[in-house]
Each structure stands twice: as structure tokens, then as C-alpha cells.
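Visitor: Sharing my_file.cif, mmCIF, C-alpha atoms:
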data_my_file
loop_
_atom_site.label_atom_id
_atom_site.label_comp_id
_atom_site.auth_asym_id
_atom_site.auth_seq_id
_atom_site.Cartn_x
_atom_site.Cartn_y
_atom_site.Cartn_z
CA MET X 60 90.76 83.45 78.61
CA MET X 61 89.51 82.95 82.17
CA HIS X 62 87.35 85.36 84.13
CA VAL X 63 89.27 88.25 85.68
CA GLY X 64 89.47 87.91 89.44
CA LEU X 65 91.45 89.22 92.38
CA GLU X 66 94.55 87.23 91.39
CA HIS X 67 94.84 88.99 88.06
CA TYR X 68 94.88 92.42 89.64
CA LEU X 69 97.34 91.29 92.30
CA ILE X 70 99.69 89.88 89.69
CA VAL X 71 99.63 93.13 87.70
CA SER X 72 100.35 94.96 90.95
CA THR X 73 103.26 92.61 91.76
CA LEU X 74 104.81 93.03 88.34
CA LEU X 75 104.44 96.80 88.55
CA PHE X 76 106.09 96.80 91.98
CA CYS X 77 108.99 94.73 90.64
CA LEU X 78 109.43 97.17 87.74
CA GLY X 79 109.67 99.95 90.32
CA VAL X 80 112.32 98.07 92.30
CA LEU X 81 114.18 97.43 89.06
CA GLY X 82 114.12 101.14 88.32
CA VAL X 83 115.55 102.03 91.72
CA ILE X 84 118.26 99.37 91.39
CA LEU X 85 119.27 99.85 87.76
CA ARG X 86 119.05 103.55 87.12
CA ARG X 87 121.65 105.88 88.60
CA ASN X 88 119.80 109.12 88.06
CA LEU X 89 118.05 110.42 91.18
CA LEU X 90 114.99 111.60 89.23
CA VAL X 91 114.47 108.27 87.49
CA MET X 92 114.95 106.48 90.81
CA TYR X 93 112.19 108.69 92.15
CA MET X 94 109.96 107.63 89.28
CA GLY X 95 110.66 104.02 90.30
CA LEU X 96 109.41 104.90 93.79
CA GLU X 97 106.23 106.30 92.25
CA LEU X 98 105.75 103.04 90.33
CA MET X 99 106.00 101.11 93.59
CA LEU X 100 103.47 103.35 95.35
CA ASN X 101 101.06 102.94 92.44
CA ALA X 102 101.43 99.18 92.57
CA ALA X 103 100.50 99.25 96.26
CA ASN X 104 97.48 101.44 95.41
CA LEU X 105 96.30 98.96 92.79
CA ALA X 106 96.57 96.07 95.26
CA LEU X 107 94.63 98.02 97.91
CA VAL X 108 91.83 99.02 95.52
CA SER X 109 91.43 95.48 94.22
CA PHE X 110 91.33 94.07 97.77
CA SER X 111 88.76 96.74 98.62
CA ARG X 112 86.52 95.74 95.73
CA PHE X 113 86.72 92.01 96.24
CA ASN X 114 86.26 92.11 100.02
CA ASN X 115 83.35 94.58 100.06
CA ASN X 116 85.29 96.95 102.31
CA LEU X 117 85.75 100.64 101.56
CA ASN X 118 88.71 101.15 103.89
CA GLY X 119 91.09 100.10 101.14
CA GLN X 120 90.02 103.00 98.94
CA ILE X 121 90.37 105.45 101.83
CA MET X 122 93.88 104.15 102.43
CA VAL X 123 94.65 104.75 98.74
CA PHE X 124 93.34 108.30 99.04
CA PHE X 125 95.73 108.97 101.93
CA ILE X 126 98.61 107.28 100.12
CA ILE X 127 98.08 109.53 97.08
CA THR X 128 98.08 112.64 99.30
CA VAL X 129 101.19 111.64 101.20
CA ALA X 130 102.93 110.66 97.95
CA ALA X 131 102.25 114.13 96.54
CA ALA X 132 103.81 115.73 99.64
CA GLU X 133 106.72 113.31 99.47
CA VAL X 134 107.39 114.08 95.81
CA ALA X 135 107.38 117.82 96.51
CA VAL X 136 109.88 117.50 99.37
CA GLY X 137 112.05 114.98 97.51
CA LEU X 138 112.27 117.08 94.38
CA ALA X 139 113.15 120.16 96.47
CA LEU X 140 115.94 118.12 98.07
CA ILE X 141 117.17 117.04 94.64
CA VAL X 142 117.20 120.66 93.47
CA ALA X 143 119.11 121.73 96.61
CA LEU X 144 121.62 118.91 96.08
CA TYR X 145 122.04 119.82 92.44
CA ARG X 146 122.76 123.39 93.43
CA LYS X 147 125.58 122.25 95.71
CA ARG X 148 127.07 119.47 93.55
CA GLN X 149 125.95 120.26 89.98
CA SER X 150 124.84 116.67 89.55
CA ALA X 151 121.77 114.52 90.10
CA HIS X 152 123.70 111.28 89.85
CA VAL X 153 124.01 108.94 92.82
CA GLU X 154 127.63 108.14 91.95
CA ASP X 155 128.58 111.77 92.52
CA LEU X 156 126.93 111.90 95.95
CA THR X 157 129.17 109.49 97.83
CA SER X 158 130.95 111.92 100.16
CA MET X 159 129.57 110.10 103.23
CA LYS X 160 131.02 106.78 102.11
CA LEU X 161 133.84 105.49 104.31
CA MET P 25 83.77 93.39 77.92
CA GLN P 26 85.21 94.33 81.27
CA ASP P 27 87.78 91.55 80.92
CA ILE P 28 88.96 92.96 77.60
CA PHE P 29 89.47 96.38 79.21
CA PHE P 30 91.33 94.77 82.09
CA TYR P 31 93.77 92.99 79.76
CA LEU P 32 94.20 96.11 77.62
CA PHE P 33 94.92 98.46 80.53
CA ALA P 34 97.07 95.92 82.38
CA ALA P 35 99.22 95.33 79.31
CA LEU P 36 99.57 99.07 78.66
CA THR P 37 100.39 99.77 82.32
CA LEU P 38 103.11 97.15 82.42
CA LEU P 39 104.51 98.15 79.03
CA CYS P 40 104.72 101.84 79.99
CA GLY P 41 106.12 100.93 83.41
CA PHE P 42 108.86 98.98 81.67
CA LEU P 43 109.57 101.88 79.33
CA VAL P 44 109.86 104.23 82.33
CA VAL P 45 112.54 102.02 83.85
CA ALA P 46 114.44 100.68 80.88
CA ASN P 47 113.67 102.38 77.59
CA PRO P 48 115.96 100.76 75.00
CA PHE P 49 115.90 103.82 72.74
CA SER P 50 116.43 106.72 75.10
CA ARG P 51 117.80 107.19 78.58
CA SER P 52 116.65 110.75 78.97
CA PRO P 53 114.55 111.42 82.10
CA VAL P 54 112.02 113.36 80.01
CA THR P 55 111.09 110.20 78.10
CA SER P 56 110.74 108.32 81.37
CA ALA P 57 108.48 111.04 82.77
CA MET P 58 106.28 110.98 79.66
CA PHE P 59 105.84 107.22 79.86
CA LEU P 60 105.09 107.62 83.57
CA VAL P 61 102.18 109.93 82.64
CA VAL P 62 100.81 107.33 80.21
CA MET P 63 101.25 104.64 82.84
CA MET P 64 99.32 106.70 85.43
CA ALA P 65 96.46 107.19 82.96
CA CYS P 66 96.30 103.45 82.22
CA LEU P 67 96.34 102.71 85.94
CA ALA P 68 93.36 105.05 86.32
CA GLY P 69 91.68 102.92 83.66
CA LEU P 70 92.37 99.85 85.79
CA PHE P 71 90.80 101.64 88.77
CA VAL P 72 87.70 102.27 86.65
CA THR P 73 87.46 98.56 85.82
CA LEU P 74 87.52 98.08 89.61
CA HIS P 75 84.62 100.56 89.92
CA ALA P 76 86.74 102.94 92.04
CA PHE P 77 85.72 106.03 90.10
CA PHE P 78 86.77 108.61 92.69
CA ILE P 79 90.23 107.08 93.06
CA ALA P 80 90.59 107.02 89.27
CA ALA P 81 89.76 110.73 89.06
CA VAL P 82 92.16 111.57 91.89
CA GLN P 83 94.84 109.47 90.21
CA ILE P 84 94.52 111.50 87.00
CA LEU P 85 94.31 114.87 88.79
CA VAL P 86 97.05 114.42 91.38
CA TYR P 87 99.50 112.04 89.75
CA ALA P 88 99.17 112.62 86.01
CA GLY P 89 98.51 116.30 86.64
CA ALA P 90 100.30 117.76 89.62
CA VAL P 91 103.09 115.30 90.37
CA MET P 92 104.20 114.89 86.76
CA VAL P 93 104.21 118.64 86.19
CA LEU P 94 106.49 118.88 89.22
CA PHE P 95 108.77 116.20 87.79
CA LEU P 96 108.97 117.87 84.38
CA PHE P 97 109.56 121.24 86.01
CA VAL P 98 112.51 119.90 87.99
CA ILE P 99 113.89 118.09 84.91
CA MET P 100 113.71 121.41 83.11
CA LEU P 101 115.55 123.18 85.96
CA LEU P 102 118.38 120.66 86.11
CA ASP P 103 120.79 120.19 83.25
CA LEU P 104 120.65 116.44 82.75
CA LYS P 105 122.54 116.06 79.52
CA GLU P 106 125.33 113.98 81.02
CA GLU P 107 122.98 111.08 81.75
CA GLU P 108 123.48 109.89 78.19
CA ARG P 109 127.24 109.63 78.51
CA ARG P 110 127.49 107.37 81.53
CA LYS P 111 128.44 103.79 80.90
CA LEU P 112 126.58 101.07 82.71
CA ASN P 113 127.95 98.53 85.11
CA ALA P 114 127.09 95.20 83.45
CA PHE P 115 127.54 93.11 86.58
CA GLY P 116 125.26 95.36 88.60
CA ILE P 117 122.56 95.24 85.92
CA GLY P 118 122.73 91.45 85.67
CA ALA P 119 122.58 90.98 89.43
CA GLY P 120 119.71 93.44 89.76
CA ILE P 121 117.65 91.77 87.03
CA VAL P 122 118.23 88.32 88.53
CA ALA P 123 117.29 89.48 92.04
CA VAL P 124 114.15 91.36 90.98
CA GLY P 125 113.15 88.57 88.60
CA SER P 126 113.33 85.99 91.37
CA ILE P 127 111.29 88.22 93.72
CA ALA P 128 108.68 88.62 90.97
CA ALA P 129 108.60 84.86 90.31
CA ILE P 130 108.15 84.04 94.00
CA LEU P 131 105.38 86.61 94.49
CA VAL P 132 103.47 85.70 91.32
CA LYS P 133 103.67 81.98 92.09
CA THR P 134 102.50 82.57 95.67
CA ILE P 135 99.54 84.71 94.60
CA TRP P 136 98.52 82.36 91.78
CA PHE P 137 98.53 79.19 93.86
CA SER P 138 97.32 80.58 97.18
CA GLY P 139 93.72 80.82 95.93
CA VAL P 140 93.36 84.27 97.49
CA GLY P 141 90.58 85.22 95.08
CA ALA P 142 88.64 81.96 95.28
CA ASN P 143 84.87 82.38 95.86
CA LYS P 144 85.28 86.17 95.88
CA GLN P 145 82.87 88.17 93.79
CA PRO P 146 83.40 91.85 93.03
CA MET P 147 81.02 93.69 95.34
CA ILE P 148 81.50 97.42 95.79
CA GLU P 149 79.71 99.39 93.08
CA GLY P 150 80.26 103.08 92.31
CA ALA P 151 81.09 103.89 95.90
CA THR P 152 81.96 107.59 95.66
CA LYS P 153 79.17 108.72 97.97
CA ASN P 154 79.92 106.04 100.55
CA LEU P 155 83.60 106.93 100.30
CA GLY P 156 82.85 110.57 101.10
CA THR P 157 80.64 109.65 104.03
CA GLU P 158 83.28 107.32 105.42
CA LEU P 159 86.03 109.90 104.89
CA PHE P 160 84.20 112.66 106.74
CA THR P 161 82.90 110.57 109.65
CA ASN P 162 85.17 107.71 110.66
CA TYR P 163 88.32 109.09 109.04
CA LEU P 164 87.90 112.78 109.83
CA LEU P 165 90.94 113.03 112.12
CA PRO P 166 93.36 111.33 109.67
CA PHE P 167 91.94 113.58 106.94
CA GLU P 168 92.75 116.71 108.95
CA ILE P 169 96.18 115.37 109.87
CA VAL P 170 96.92 114.81 106.18
CA SER P 171 96.01 118.41 105.45
CA VAL P 172 98.47 119.55 108.13
CA LEU P 173 101.05 117.24 106.56
CA LEU P 174 100.56 118.97 103.21
CA LEU P 175 101.08 122.34 104.91
CA VAL P 176 104.28 121.06 106.57
CA ALA P 177 105.52 119.75 103.21
CA MET P 178 104.79 123.11 101.58
CA VAL P 179 106.69 125.07 104.24
CA GLY P 180 109.57 122.60 104.03
CA VAL P 181 109.79 122.88 100.27
CA ILE P 182 109.82 126.68 100.37
CA LEU P 183 112.58 126.60 103.00
CA LEU P 184 114.62 124.06 101.03
CA SER P 185 114.44 125.89 97.74
CA LYS P 186 115.44 129.29 99.09
CA LYS P 187 118.61 130.70 97.64
CA GLU P 188 120.90 130.22 100.62
CA LEU P 189 120.68 127.30 103.04
CA LYS P 190 121.89 128.49 106.42
#
Translate the structure described by the file into C-alpha cells.
Guide:
Amino acid sequence: MMHVGLEHYLIVSTLLFCLGVLGVILRRNLLVMYMGLELMLNAANLALVSFSRFNNNLNGQIMVFFIITVAAAEVAVGLALIVALYRKRQSAHVEDLTSMKL
Amino acid sequence: MQDIFFYLFAALTLLCGFLVVANPFSRSPVTSAMFLVVMMACLAGLFVTLHAFFIAAVQILVYAGAVMVLFLFVIMLLDLKEEERRKLNAFGIGAGIVAVGSIAAILVKTIWFSGVGANKQPMIEGATKNLGTELFTNYLLPFEIVSVLLLVAMVGVILLSKKELK
């Protein structure tokens, strides 16, 4: 088992990001797709924090702080949109929300 | 010791992340949300192994606390029983897995062989105080702008969730 370095953290972050993409691609439920987005944001946070630690630069952690704040606002607005959509269409499924398709 | 914690938390994070996306036993959004909470907590553990204690605390408070409560609240409001009945498009799933798998392979190979972490020693130690100083001196304007953004989001959410959209 080799010593844990920057690469290890970056690889965990990459795999987490890919799981998030997989969630957005595979799942058809708007809420679960949103959770995939959260996974991707968290993966980016992990990469930023590990870069911050291994480059002796605090700006990475400040960036993560802002990302967490903006993600909280984004989740609130997104979930309100999902609730509004559900009220109109009685469904949170992307296949039922295709009225703008040509 | 720190290495053992890294491998433990990394494995748990990836396992729970996988169970959020593709749980073989249940496709209910509530299960996904619960595994997302566990995944956030393990990620906070990873932040602690990186000595980013403040970020770890914020991760637990904001993500595992506030955001997941919001998710569960919305899941409770919506009636999501029909999720179980949908059949899956096999071609779409296969194509998605192949595409994401190749992206993952390319990225992992690039990171592993680029030597990005060569000669780099972990340096920042317990930087909460420095983080606060930095946040309230150099990053004061972005900090205030983010607080306005939160206010805007709050007003928007109240407007969106009113009974009648006019």
C-alpha cells in the first residue's frame, strides 16, 4: 500500500464525479438526477480541497466554501421548481416533461 | 494511520455514491437520499484527513443537515410511487455506462500518469483561523455577494412555491 498523495484524492474525486454523471444519465426521476448533480459538486469540492492542501494555498478552501453556499441556494430553487412542475403535471419524471420537444 | 482512514472513507464514499445512483435493491428516491447523507458524512471524513476541519464541519451542517432535509421534505410532498413501475431502456443504460466508463478511464489514467502529485507534501495544517482571516479580508466582497445571492434564492423560492403562479 503506497503513501496517500494528491493523486489518490484526485482519483476518488474523478470516480465520484463519474458516478454523478451516471446518475444524471441513467435515472429518469428529477429528484434523483438532482442528487447526481450534488455528487458532482461534492467531487469538485474534494478536488479543490486536496489541491489546496498539497499546494499550500488556502484559496481552494475558500472556493469550496462559496461552492457549498451556492449549491445550497441552487438546491432550494431547484426543488421549488420541481414542486411547481409537479403541481402542474403531477409527475417528477423527465419523460412526462417533453412538451417543448419538436 | 491517516492512510487507513483515507482508504476507509474513500471506499465508503464511492460505495454510497454508487448506491445513490444505482441501488440494485430499491429504486425509491428515499433510499437514494439516505445513502446521499451517508456519502456526505464520509466525504466530511475525507476532508478531515485533508486537515480541512472547517470545510468538514460546513459539509456536515449544510449538506448532510440542511440540503438533505430539503430533499426529504420534497420527496415527502411529492407522491413518487410510480417510480417503481417504470421499465428501463436497456440501450440507453448500456450506452450511458460505456460513455461514463470511458470518461472515467481517461481521467484516471491521465491523473495517475501525469505525476501531478510528485514532490508535493501536504502542507496546510488546521487552517480554520487563517481561513477566517482570508475570508473577511481578501474575500469580503464575494462573501457579501453570496449573502445577497442567498436572499435572492429565498425570495425566488417563496415566489415559486406560492399557490398560484401568475
Visitor: Could you check which of P:Ala129, P:Val124, P:Met25, P:Val93 is closest to chain X, using all atoms listed in the file?
Guide: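 The shortest atom-to-atom distance to chain X comes from P:Val124.
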Visitor: Got a sec to check which residues sit within 8 Å of (100.6, 87.1, 93.4), counting all atoms listed in the file, and write them as a list in words?
Guide: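 Neighbouring residues, ordered by chain and number, come to Glu66, Leu69, Ile70 and Thr73 of chain X; Leu131, Val132, Lys133, Thr134, Ile135 and Trp136 of chain P.
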Visitor: Here's the selection I'm unsure about, the PyMOL selection byres ((chain X and resi 119) around 12); applied to the file above, which residues does it give, as a ChimeraX atom specification?
Guide: /X:103-118,120-126 /P:76,79,148,151,155,158-159
Visitor: For this structure, which residues satisfy the selection - the PyMOL selection byres ((chain X and resi 133-140) around 9) - when it is evaluated on the file as given? I want them as an MDAnalysis selection string.
Guide: (chainID X and resid 90 93 97 128:132 141:145) or (chainID P and resid 91 94:95 98 177:178 180:182 184:185)
Visitor: Find the distance between atom CA of Thr157 of chain P and atom CA of Met64 of chain P and write it in Å to one decimal.
Guide: 26.5 Å
Visitor: Neighbouring residues of Val91 of chain X were defined as those with any atom within 12 Å, considering only C-alpha atoms; residues of the same chain fewer than 6 positions away were excluded. Please report them as a PyMOL selection string.
Guide: (chain X and resi 79-85+97-98+138+141+151-153) or (chain P and resi 41+43-47+51-60+95-96+98-99+104+107)
Visitor: Given only C-alpha atoms as the basis, pick out the residue of P:Ser126, P:Ala114, P:Ala34, P:Ala88 nearest to chain X.
Guide: P:Ala34
Visitor: Any idea what the distance is between atom CA of Tyr87 of chain P and atom CA of Ile127 of chain X?
Guide: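 So the answer is 7.9 Å.
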Visitor: Mind giving me the straight-line distance from atom CA of Lys160 of chain X to atom CA of Arg148 of chain X in Å, one decimal?
Guide: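 Atom CA of Lys160 of chain X sits 15.8 Å away from atom CA of Arg148 of chain X.
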Visitor: Which of these, P:Phe33, P:Gln83, P:Cys66, P:Ile28, has the shortest distance to Leu100 of chain X once you count all atoms listed in the file?
Guide: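 The answer is P:Gln83, which sits nearest to Leu100 of chain X.
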Visitor: I need the residue nearest chain X from this list: P:Ile169, P:Ile84, P:Leu39, P:Asp27. Use all atoms listed in the file for the distance.
Guide: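 So, comparing all the options, the nearest one is P:Asp27.
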Visitor: Between P:Tyr31, P:Phe97, P:Phe115, P:Phe71, single out the one closest to Ala102 of chain X, counting all atoms listed in the file.
Guide: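 Among P:Tyr31, P:Phe97, P:Phe115, P:Phe71, it is P:Phe71 that comes nearest to Ala102 of chain X.
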Visitor: Have a look at X:Leu161, X:Arg86, X:Gln149, X:Met99 and name the one nearest to Ser72 of chain X; count only C-alpha atoms.
Guide: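 Smallest distance to Ser72 of chain X is found for X:Met99.
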Visitor: Around all listed atoms of segment 80-96 of chain X, padded 5 Å per side, what centre and edge lengths does the axis-aligned box have in Å to one decimal, as JSON?
Guide:
{"center_x": 115.5, "center_y": 104.5, "center_z": 90.5, "size_x": 22.2, "size_y": 24.2, "size_z": 16.7}
